[in-house]
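query_4.cif (mmCIF, C-alpha atoms) appears below.
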```
data_run
loop_
_atom_site.label_atom_id
_atom_site.label_comp_id
_atom_site.auth_asym_id
_atom_site.auth_seq_id
_atom_site.Cartn_x
_atom_site.Cartn_y
_atom_site.Cartn_z
CA MET Q 248 0.00 0.00 0.00
CA ASP Q 249 1.34 3.43 -0.98
CA LYS Q 250 1.48 5.37 2.29
CA ALA Q 251 2.14 8.72 0.61
CA PHE Q 252 -0.91 8.23 -1.60
CA ILE Q 253 -3.08 7.40 1.41
CA LYS Q 254 -1.82 10.49 3.20
CA GLY Q 255 -2.63 12.61 0.17
CA LEU Q 256 -6.18 11.25 0.12
CA ARG Q 257 -6.59 11.96 3.83
CA LEU Q 258 -5.36 15.51 3.27
CA LEU Q 259 -7.82 16.00 0.41
CA GLU Q 260 -10.68 14.70 2.56
CA THR Q 261 -9.72 17.00 5.44
CA LEU Q 262 -9.65 20.04 3.19
CA ALA Q 263 -12.96 19.04 1.60
CA LEU Q 264 -14.64 18.87 5.02
CA SER Q 265 -13.12 22.15 6.24
CA ASP Q 266 -15.28 25.27 6.35
CA GLN Q 267 -12.34 27.59 5.72
CA PRO Q 268 -8.78 27.53 4.33
CA ARG Q 269 -6.29 25.67 6.49
CA GLY Q 270 -2.64 26.26 7.34
CA VAL Q 271 0.20 23.75 7.23
CA THR Q 272 0.63 23.60 11.04
CA ASP Q 273 -3.11 23.26 11.57
CA LEU Q 274 -3.34 20.39 9.08
CA ALA Q 275 -0.23 18.68 10.46
CA ASN Q 276 -1.67 18.74 14.00
CA GLU Q 277 -5.03 17.33 12.95
CA LEU Q 278 -3.64 14.62 10.69
CA LYS Q 279 -0.64 13.79 12.90
CA PHE Q 280 1.71 14.36 9.96
CA THR Q 281 4.97 16.29 10.03
CA LYS Q 282 4.77 19.83 8.70
CA SER Q 283 7.31 19.00 5.99
CA ASN Q 284 5.13 16.07 4.93
CA VAL Q 285 2.01 18.24 4.75
CA HIS Q 286 3.88 20.96 2.84
CA ARG Q 287 5.17 18.40 0.32
CA LEU Q 288 1.70 16.88 -0.17
CA LEU Q 289 0.12 20.31 -0.59
CA ALA Q 290 2.73 21.28 -3.17
CA THR Q 291 1.97 18.12 -5.15
CA LEU Q 292 -1.78 18.66 -4.98
CA GLN Q 293 -1.33 22.29 -5.96
CA SER Q 294 0.78 21.34 -8.98
CA GLN Q 295 -2.00 19.02 -10.13
CA GLY Q 296 -4.69 21.66 -9.72
CA PHE Q 297 -6.52 20.19 -6.72
CA VAL Q 298 -5.38 22.78 -4.15
CA ARG Q 299 -4.67 26.52 -4.22
CA GLN Q 300 -2.79 28.72 -1.77
CA ILE Q 301 -4.60 31.70 -0.27
CA PRO Q 302 -2.51 34.81 0.45
CA PRO Q 303 -1.42 36.51 2.62
CA HIS Q 304 -1.40 33.86 5.35
CA SER Q 305 -0.30 30.86 3.28
CA THR Q 306 -3.43 28.87 3.95
CA TYR Q 307 -4.79 26.30 1.52
CA GLU Q 308 -8.17 25.27 0.15
CA LEU Q 309 -9.48 22.93 -2.51
CA THR Q 310 -10.14 24.11 -6.03
CA THR Q 311 -13.27 22.97 -7.88
CA LYS Q 312 -11.38 20.16 -9.62
CA LEU Q 313 -12.71 17.46 -7.29
CA TRP Q 314 -16.23 18.79 -7.80
CA GLU Q 315 -15.74 18.72 -11.56
CA LEU Q 316 -14.54 15.12 -11.46
CA GLY Q 317 -17.40 14.11 -9.19
CA HIS Q 318 -19.85 15.92 -11.44
CA HIS Q 319 -18.69 13.87 -14.42
CA VAL Q 320 -19.14 10.63 -12.45
CA ILE Q 321 -22.63 11.59 -11.30
CA GLN Q 322 -23.53 12.76 -14.80
CA ARG Q 323 -22.49 9.41 -16.24
CA MET Q 324 -24.44 7.52 -13.58
CA ASP Q 325 -27.52 9.65 -14.31
CA LEU Q 326 -27.00 9.17 -18.04
CA VAL Q 327 -26.95 5.37 -17.76
CA ARG Q 328 -30.07 5.30 -15.59
CA ILE Q 329 -32.01 7.81 -17.69
CA ALA Q 330 -30.94 6.33 -21.03
CA ARG Q 331 -31.94 2.73 -20.27
CA PRO Q 332 -35.60 2.93 -21.37
CA ALA Q 333 -34.69 4.53 -24.70
CA MET Q 334 -31.89 2.00 -25.18
CA THR Q 335 -34.31 -0.86 -24.53
CA THR Q 336 -36.79 0.51 -27.07
CA LEU Q 337 -34.05 0.96 -29.66
CA ALA Q 338 -32.80 -2.58 -29.12
CA GLU Q 339 -36.32 -3.96 -29.56
CA VAL Q 340 -36.95 -1.96 -32.73
CA THR Q 341 -33.64 -2.74 -34.43
CA GLY Q 342 -32.86 -6.16 -33.00
CA GLU Q 343 -29.21 -5.10 -32.92
CA THR Q 344 -26.68 -4.23 -30.22
CA VAL Q 345 -27.21 -0.81 -28.65
CA HIS Q 346 -24.38 1.22 -27.12
CA LEU Q 347 -24.23 4.23 -24.84
CA SER Q 348 -20.91 6.06 -25.02
CA VAL Q 349 -19.18 9.18 -23.72
CA LEU Q 350 -16.26 11.07 -25.26
CA ASP Q 351 -13.00 10.99 -23.32
CA GLY Q 352 -10.38 12.95 -25.21
CA THR Q 353 -9.57 10.98 -28.35
CA GLU Q 354 -11.52 7.90 -27.29
CA VAL Q 355 -15.06 6.80 -26.62
CA LEU Q 356 -15.86 4.96 -23.42
CA TYR Q 357 -18.74 2.49 -23.52
CA VAL Q 358 -20.80 3.11 -20.36
CA ASP Q 359 -23.76 0.84 -21.11
CA LYS Q 360 -24.84 -1.74 -23.64
CA ILE Q 361 -27.79 -3.92 -24.58
CA GLU Q 362 -26.71 -7.04 -26.44
CA SER Q 363 -28.35 -8.20 -29.65
CA ALA Q 364 -30.22 -11.50 -29.50
CA HIS Q 365 -28.59 -12.56 -32.77
CA HIS Q 366 -25.83 -15.13 -32.57
CA ILE Q 367 -23.68 -13.03 -34.93
CA ARG Q 368 -23.35 -9.54 -33.43
CA ALA Q 369 -20.96 -6.72 -32.61
CA HIS Q 370 -18.73 -7.68 -29.69
CA THR Q 371 -17.94 -4.95 -27.19
CA SER Q 372 -18.20 -4.59 -23.43
CA VAL Q 373 -19.03 -1.88 -20.91
CA GLY Q 374 -15.82 -0.13 -19.88
CA MET Q 375 -14.16 -0.79 -23.23
CA ARG Q 376 -12.63 2.10 -25.16
CA ALA Q 377 -12.34 2.71 -28.87
CA PRO Q 378 -10.70 5.42 -31.00
CA ALA Q 379 -13.39 8.10 -31.41
CA PHE Q 380 -12.70 8.63 -35.10
CA THR Q 381 -13.39 4.97 -35.96
CA VAL Q 382 -16.83 4.29 -34.43
CA ALA Q 383 -20.27 5.77 -35.03
CA THR Q 384 -20.86 7.02 -31.48
CA GLY Q 385 -17.44 8.68 -31.55
CA LYS Q 386 -18.05 10.36 -34.90
CA ALA Q 387 -21.47 11.59 -33.69
CA MET Q 388 -19.85 13.23 -30.67
CA LEU Q 389 -16.93 14.67 -32.64
CA ALA Q 390 -19.49 16.39 -34.88
CA GLN Q 391 -20.68 18.32 -31.81
CA MET Q 392 -17.20 19.60 -31.01
CA PRO Q 393 -15.51 22.73 -32.41
CA ASP Q 394 -13.83 22.21 -35.78
CA ASP Q 395 -10.31 22.51 -34.34
CA TYR Q 396 -10.99 19.64 -31.90
CA LEU Q 397 -10.10 17.22 -34.68
CA GLU Q 398 -6.49 18.38 -34.44
CA ILE Q 399 -5.99 16.46 -31.18
CA LEU Q 400 -6.73 13.30 -33.15
CA ARG Q 401 -3.93 13.86 -35.68
CA PRO Q 402 -1.19 11.95 -33.77
CA HIS Q 403 -3.58 9.01 -33.24
CA LEU Q 404 -4.75 8.52 -36.81
CA LYS Q 405 -3.88 5.08 -38.13
CA HIS Q 406 -5.45 2.17 -39.99
CA TYR Q 407 -7.40 -0.36 -37.96
CA THR Q 408 -9.19 -1.79 -41.00
CA ASP Q 409 -9.18 -1.08 -44.73
CA SER Q 410 -12.11 1.32 -44.16
CA THR Q 411 -10.54 3.46 -41.42
CA ARG Q 412 -10.51 7.19 -42.13
CA THR Q 413 -6.96 8.26 -41.38
CA THR Q 414 -6.66 11.90 -42.42
CA ILE Q 415 -8.10 15.06 -40.91
CA GLU Q 416 -9.54 15.94 -44.33
CA GLU Q 417 -11.48 12.66 -44.46
CA LEU Q 418 -12.74 13.20 -40.93
CA ARG Q 419 -13.89 16.70 -41.82
CA GLU Q 420 -15.89 15.20 -44.69
CA ASP Q 421 -17.51 12.79 -42.24
CA ILE Q 422 -18.27 15.60 -39.79
CA ARG Q 423 -19.93 17.71 -42.50
CA ALA Q 424 -22.15 14.78 -43.48
CA ILE Q 425 -23.06 14.03 -39.87
CA ARG Q 426 -24.02 17.63 -39.16
CA ALA Q 427 -26.15 17.72 -42.31
CA GLN Q 428 -28.05 14.49 -41.70
CA GLY Q 429 -28.14 14.51 -37.88
CA TYR Q 430 -26.51 11.14 -37.30
CA ALA Q 431 -23.23 9.30 -37.87
CA SER Q 432 -22.95 6.07 -39.81
CA VAL Q 433 -20.29 3.47 -40.46
CA LEU Q 434 -21.14 1.09 -43.29
CA HIS Q 435 -18.09 -1.14 -42.93
CA GLY Q 436 -15.99 -1.52 -39.81
CA GLU Q 437 -13.41 1.21 -39.29
CA TRP Q 438 -12.26 -0.11 -35.91
CA ARG Q 439 -13.16 -3.76 -36.38
CA GLU Q 440 -13.84 -5.50 -39.66
CA GLY Q 441 -17.39 -6.18 -40.75
CA ILE Q 442 -19.35 -3.86 -38.43
CA ALA Q 443 -22.03 -1.40 -39.58
CA ALA Q 444 -23.46 1.18 -37.19
CA CYS Q 445 -25.27 4.46 -36.77
CA ALA Q 446 -25.33 6.82 -33.79
CA CYS Q 447 -26.55 10.20 -32.60
CA ALA Q 448 -25.18 12.60 -30.00
CA ILE Q 449 -27.06 13.23 -26.75
CA ILE Q 450 -27.27 16.87 -25.73
CA GLY Q 451 -27.67 18.00 -22.11
CA ARG Q 452 -29.82 20.67 -20.55
CA SER Q 453 -27.35 23.47 -21.21
CA GLY Q 454 -26.76 22.41 -24.79
CA GLU Q 455 -23.57 20.55 -23.85
CA LEU Q 456 -22.49 17.22 -25.26
CA ILE Q 457 -23.35 14.42 -22.82
CA GLY Q 458 -22.73 11.27 -24.83
CA ALA Q 459 -24.05 9.29 -27.78
CA ILE Q 460 -26.38 6.39 -28.40
CA GLY Q 461 -25.96 4.03 -31.31
CA MET Q 462 -26.75 0.62 -32.74
CA SER Q 463 -24.38 -1.75 -34.48
CA GLY Q 464 -24.38 -5.12 -36.13
CA PRO Q 465 -22.52 -7.18 -38.75
CA ASP Q 466 -22.45 -5.57 -42.18
CA ILE Q 467 -23.63 -8.81 -43.75
CA ARG Q 468 -26.97 -8.13 -42.04
CA VAL Q 469 -27.00 -4.36 -41.53
CA LYS Q 470 -26.81 -2.75 -44.97
CA ARG Q 471 -27.13 0.87 -46.11
CA LYS Q 472 -30.92 0.46 -46.34
CA GLN Q 473 -31.15 -0.73 -42.72
CA ILE Q 474 -28.87 2.09 -41.52
CA LYS Q 475 -31.17 4.63 -43.20
CA GLU Q 476 -34.21 3.04 -41.56
CA TYR Q 477 -32.62 2.65 -38.13
CA SER Q 478 -31.18 6.17 -38.09
CA ALA Q 479 -34.62 7.70 -37.42
CA HIS Q 480 -35.02 5.47 -34.36
CA VAL Q 481 -31.50 6.28 -33.15
CA MET Q 482 -32.13 10.02 -33.44
CA GLU Q 483 -35.45 9.64 -31.62
CA ALA Q 484 -33.70 7.72 -28.82
CA ALA Q 485 -31.12 10.54 -28.49
CA ARG Q 486 -33.91 13.15 -28.39
CA THR Q 487 -35.79 11.16 -25.76
CA ILE Q 488 -32.71 10.92 -23.53
CA GLY Q 489 -31.93 14.61 -24.06
CA LEU Q 490 -35.47 15.55 -23.03
CA ALA Q 491 -35.25 13.32 -19.95
CA LEU Q 492 -32.01 15.13 -19.05
CA GLY Q 493 -33.87 18.43 -19.24
CA HIS Q 494 -32.89 19.56 -22.75
CA GLY Q 495 -35.62 21.05 -24.87
CA GLY Q 496 -34.35 19.75 -28.20
CA MET Q 497 -31.37 18.58 -30.18
CA LYS Q 498 -28.86 20.87 -31.83
#
```

Kindly return the structure encoded in the file as structure tokens.
Amino acid sequence: MDKAFIKGLRLLETLALSDQPRGVTDLANELKFTKSNVHRLLATLQSQGFVRQIPPHSTYELTTKLWELGHHVIQRMDLVRIARPAMTTLAEVTGETVHLSVLDGTEVLYVDKIESAHHIRAHTSVGMRAPAFTVATGKAMLAQMPDDYLEILRPHLKHYTDSTRTTIEELREDIRAIRAQGYASVLHGEWREGIAACACAIIGRSGELIGAIGMSGPDIRVKRKQIKEYSAHVMEAARTIGLALGHGGMK
């Protein structure tokens, strides 16, 4: 067990429960740490943006970073709970696998999933990550981001299959199409071979991107015609979740 890490967590908890900024001596006395230990831990936490120093008395308090992290966790938990009914309906209508994803930098994180009843289906799991530029839910969310956001993907662009889009120019073409039609589609697997999918972004109550919902299945069963048909149901599922989250409509 990492003792320094445990001490850092105890210090964070103490600051979180404090009604006012605290000094090094005060914290050392309460926690039974040496002052040099407390000072070193505070310096580390400050460098990582969790703590700030308050002049002129060199006291310390937490920043909002912990709140921001906790807010993301709660938001994801609320998203999974609220999205389930719409996911269930979409799975029943399409008969295919339904995913709920969030954008994490250059990747999507799958936070929930309803498996297709078909023996041949798209294989993923909750907690799995995928390159955002290769999957439908990722493309749908990237289309909600500012145009220059694509630049952070540049160092990560590479072929996963023969269909992978690997240039910023190709991705911009995809984004333009997604914004025009309201949903993202992948006709042939760009992350894994043989997968077709469509997805739509979920917008929160302040107009912010929350996540994306999508369906996927083998491209031997899910053709362009099915994608076109299913896309209306996917967009309706995204609207339903957005409304349940308090948003009055999709972008």

For this session: Write out as a PyMOL selection string the residues lying within 10 Å of range 479-489 of chain Q, counting all atoms listed in the file and excluding same-chain residues fewer than 5 positions away.
Result: chain Q and resi 326-327+329-338+340-341+345+429-431+445-452+454+456-462+474+494-498

Take the residues from that selection and put them in a file with C-alpha atoms, as a PDB file, in the coordinates of the input.
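The result, stored in again-v5.pdb:
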```pdb
ATOM      1  CA  LEU Q 326     -27.000   9.170 -18.040  1.00  0.00           C
ATOM      2  CA  VAL Q 327     -26.950   5.370 -17.760  1.00  0.00           C
ATOM      3  CA  ILE Q 329     -32.010   7.810 -17.690  1.00  0.00           C
ATOM      4  CA  ALA Q 330     -30.940   6.330 -21.030  1.00  0.00           C
ATOM      5  CA  ARG Q 331     -31.940   2.730 -20.270  1.00  0.00           C
ATOM      6  CA  PRO Q 332     -35.600   2.930 -21.370  1.00  0.00           C
ATOM      7  CA  ALA Q 333     -34.690   4.530 -24.700  1.00  0.00           C
ATOM      8  CA  MET Q 334     -31.890   2.000 -25.180  1.00  0.00           C
ATOM      9  CA  THR Q 335     -34.310  -0.860 -24.530  1.00  0.00           C
ATOM     10  CA  THR Q 336     -36.790   0.510 -27.070  1.00  0.00           C
ATOM     11  CA  LEU Q 337     -34.050   0.960 -29.660  1.00  0.00           C
ATOM     12  CA  ALA Q 338     -32.800  -2.580 -29.120  1.00  0.00           C
ATOM     13  CA  VAL Q 340     -36.950  -1.960 -32.730  1.00  0.00           C
ATOM     14  CA  THR Q 341     -33.640  -2.740 -34.430  1.00  0.00           C
ATOM     15  CA  VAL Q 345     -27.210  -0.810 -28.650  1.00  0.00           C
ATOM     16  CA  GLY Q 429     -28.140  14.510 -37.880  1.00  0.00           C
ATOM     17  CA  TYR Q 430     -26.510  11.140 -37.300  1.00  0.00           C
ATOM     18  CA  ALA Q 431     -23.230   9.300 -37.870  1.00  0.00           C
ATOM     19  CA  CYS Q 445     -25.270   4.460 -36.770  1.00  0.00           C
ATOM     20  CA  ALA Q 446     -25.330   6.820 -33.790  1.00  0.00           C
ATOM     21  CA  CYS Q 447     -26.550  10.200 -32.600  1.00  0.00           C
ATOM     22  CA  ALA Q 448     -25.180  12.600 -30.000  1.00  0.00           C
ATOM     23  CA  ILE Q 449     -27.060  13.230 -26.750  1.00  0.00           C
ATOM     24  CA  ILE Q 450     -27.270  16.870 -25.730  1.00  0.00           C
ATOM     25  CA  GLY Q 451     -27.670  18.000 -22.110  1.00  0.00           C
ATOM     26  CA  ARG Q 452     -29.820  20.670 -20.550  1.00  0.00           C
ATOM     27  CA  GLY Q 454     -26.760  22.410 -24.790  1.00  0.00           C
ATOM     28  CA  LEU Q 456     -22.490  17.220 -25.260  1.00  0.00           C
ATOM     29  CA  ILE Q 457     -23.350  14.420 -22.820  1.00  0.00           C
ATOM     30  CA  GLY Q 458     -22.730  11.270 -24.830  1.00  0.00           C
ATOM     31  CA  ALA Q 459     -24.050   9.290 -27.780  1.00  0.00           C
ATOM     32  CA  ILE Q 460     -26.380   6.390 -28.400  1.00  0.00           C
ATOM     33  CA  GLY Q 461     -25.960   4.030 -31.310  1.00  0.00           C
ATOM     34  CA  MET Q 462     -26.750   0.620 -32.740  1.00  0.00           C
ATOM     35  CA  ILE Q 474     -28.870   2.090 -41.520  1.00  0.00           C
ATOM     36  CA  HIS Q 494     -32.890  19.560 -22.750  1.00  0.00           C
ATOM     37  CA  GLY Q 495     -35.620  21.050 -24.870  1.00  0.00           C
ATOM     38  CA  GLY Q 496     -34.350  19.750 -28.200  1.00  0.00           C
ATOM     39  CA  MET Q 497     -31.370  18.580 -30.180  1.00  0.00           C
ATOM     40  CA  LYS Q 498     -28.860  20.870 -31.830  1.00  0.00           C
TER      41      LYS Q 498
END
```

Exercise. Quick one: distance from CA of Leu492 in chain Q to CA of Asp325 in chain Q in Å, one decimal?
Worked result: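 Pair CA of Leu492 in chain Q / CA of Asp325 in chain Q returns 8.5 Å.
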
For this session: Please write the residues picked by the PyMOL selection byres ((chain Q and resi 385-398) around 8) on this file as an MDAnalysis selection string.
Result: chainID Q and resid 348 350 354:355 378:384 399:401 415 418 421:423 425:426 430:431 446:448 456 458:459

For this session: For the structure provided, state which residues fall under the PyMOL selection byres ((chain Q and resi 251-258) around 12), and present them as a count of residues only.
Result: 38

For this session: Please provide as a ChimeraX atom specification all residues within 10 Å of Asp409 in chain Q, with the sequence filter that same-chain residues fewer than 2 positions apart are discarded (counting all atoms listed in the file).
Result: /Q:406-407,411-412,435-440

For this session: Give the answer as one residue: which of Q:Ser463, Q:Arg376, Q:Pro268, Q:Arg471 has the shortest atom-to-atom distance to Thr306 in chain Q, using only C-alpha atoms?
Result: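 Closest residue, counting only C-alpha atoms: Q:Pro268.
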
Problem set entry | Separation of CA of Ala377 in chain Q from CA of Leu316 in chain Q in Å | 21.5 Å

For this session: Select, counting all atoms listed in the file, all protein, DNA and RNA residues no farther than 12 Å from (-30.9, -8.1, -34.7) in file coordinates, and express the selection as a ChimeraX atom specification.
Result: /Q:337-345,361-369,462-469,473,477

Problem set entry | Å distance separating CA of Glu417 in chain Q from CA of Val358 in chain Q, one decimal place | 27.5 Å

Seminar exercise, completed: Residue with the minimum atom-to-atom distance to His403 in chain Q, picked from Q:Ser432, Q:Ser294, Q:Ser453, Q:Thr353 with all atoms listed in the file counted, is Q:Thr353

Problem set entry | Neighbour residues at most 7 Å from (-12.6, -0.3, -22.5) (only C-alpha atoms) as a ChimeraX atom specification | /Q:356-357,373-376

Exercise. Pick from Q:Lys360, Q:Thr311, Q:Leu490, Q:Ala443: nearest to Lys472 in chain Q, with only C-alpha atoms counted?
Worked result: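 Checking each candidate against Lys472 in chain Q, we get Q:Ala443 as the closest.
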
How would range 267-280 of chain Q look with N, CA, C and O atoms restored, written as an mmCIF file, keeping the file's coordinate frame?
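And here's selection26.cif as it stands now:
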```
data_model
loop_
_atom_site.group_PDB
_atom_site.id
_atom_site.type_symbol
_atom_site.label_atom_id
_atom_site.label_comp_id
_atom_site.auth_asym_id
_atom_site.auth_seq_id
_atom_site.Cartn_x
_atom_site.Cartn_y
_atom_site.Cartn_z
ATOM 1 N N GLN Q 267 -13.178 26.449 6.071
ATOM 2 C CA GLN Q 267 -12.340 27.590 5.720
ATOM 3 C C GLN Q 267 -10.946 27.095 5.339
ATOM 4 O O GLN Q 267 -10.603 25.931 5.606
ATOM 5 N N PRO Q 268 -10.147 27.929 4.680
ATOM 6 C CA PRO Q 268 -8.780 27.530 4.330
ATOM 7 C C PRO Q 268 -7.986 27.126 5.563
ATOM 8 O O PRO Q 268 -8.210 27.642 6.662
ATOM 9 N N ARG Q 269 -7.062 26.212 5.370
ATOM 10 C CA ARG Q 269 -6.290 25.670 6.490
ATOM 11 C C ARG Q 269 -4.803 25.912 6.275
ATOM 12 O O ARG Q 269 -4.296 25.879 5.150
ATOM 13 N N GLY Q 270 -4.076 26.089 7.391
ATOM 14 C CA GLY Q 270 -2.640 26.260 7.340
ATOM 15 C C GLY Q 270 -1.901 24.946 7.490
ATOM 16 O O GLY Q 270 -2.479 23.936 7.918
ATOM 17 N N VAL Q 271 -0.621 24.962 7.171
ATOM 18 C CA VAL Q 271 0.200 23.750 7.230
ATOM 19 C C VAL Q 271 0.256 23.200 8.657
ATOM 20 O O VAL Q 271 0.064 21.999 8.883
ATOM 21 N N THR Q 272 0.534 24.055 9.643
ATOM 22 C CA THR Q 272 0.630 23.600 11.040
ATOM 23 C C THR Q 272 -0.687 23.019 11.518
ATOM 24 O O THR Q 272 -0.726 21.959 12.167
ATOM 25 N N ASP Q 273 -1.763 23.705 11.200
ATOM 26 C CA ASP Q 273 -3.110 23.260 11.570
ATOM 27 C C ASP Q 273 -3.391 21.866 11.004
ATOM 28 O O ASP Q 273 -3.868 20.955 11.701
ATOM 29 N N LEU Q 274 -3.102 21.682 9.735
ATOM 30 C CA LEU Q 274 -3.340 20.390 9.080
ATOM 31 C C LEU Q 274 -2.435 19.303 9.658
ATOM 32 O O LEU Q 274 -2.869 18.157 9.874
ATOM 33 N N ALA Q 275 -1.180 19.650 9.910
ATOM 34 C CA ALA Q 275 -0.230 18.680 10.460
ATOM 35 C C ALA Q 275 -0.697 18.197 11.837
ATOM 36 O O ALA Q 275 -0.629 16.997 12.139
ATOM 37 N N ASN Q 276 -1.198 19.118 12.668
ATOM 38 C CA ASN Q 276 -1.670 18.740 14.000
ATOM 39 C C ASN Q 276 -2.882 17.822 13.929
ATOM 40 O O ASN Q 276 -2.983 16.839 14.673
ATOM 41 N N GLU Q 277 -3.811 18.149 13.050
ATOM 42 C CA GLU Q 277 -5.030 17.330 12.950
ATOM 43 C C GLU Q 277 -4.744 15.944 12.388
ATOM 44 O O GLU Q 277 -5.276 14.944 12.866
ATOM 45 N N LEU Q 278 -3.892 15.886 11.380
ATOM 46 C CA LEU Q 278 -3.640 14.620 10.690
ATOM 47 C C LEU Q 278 -2.506 13.810 11.334
ATOM 48 O O LEU Q 278 -2.279 12.657 10.960
ATOM 49 N N LYS Q 279 -1.793 14.439 12.264
ATOM 50 C CA LYS Q 279 -0.640 13.790 12.900
ATOM 51 C C LYS Q 279 0.463 13.495 11.882
ATOM 52 O O LYS Q 279 1.129 12.459 11.935
ATOM 53 N N PHE Q 280 0.625 14.419 10.922
ATOM 54 C CA PHE Q 280 1.710 14.360 9.960
ATOM 55 C C PHE Q 280 2.764 15.394 10.354
ATOM 56 O O PHE Q 280 2.477 16.333 11.091
#
```
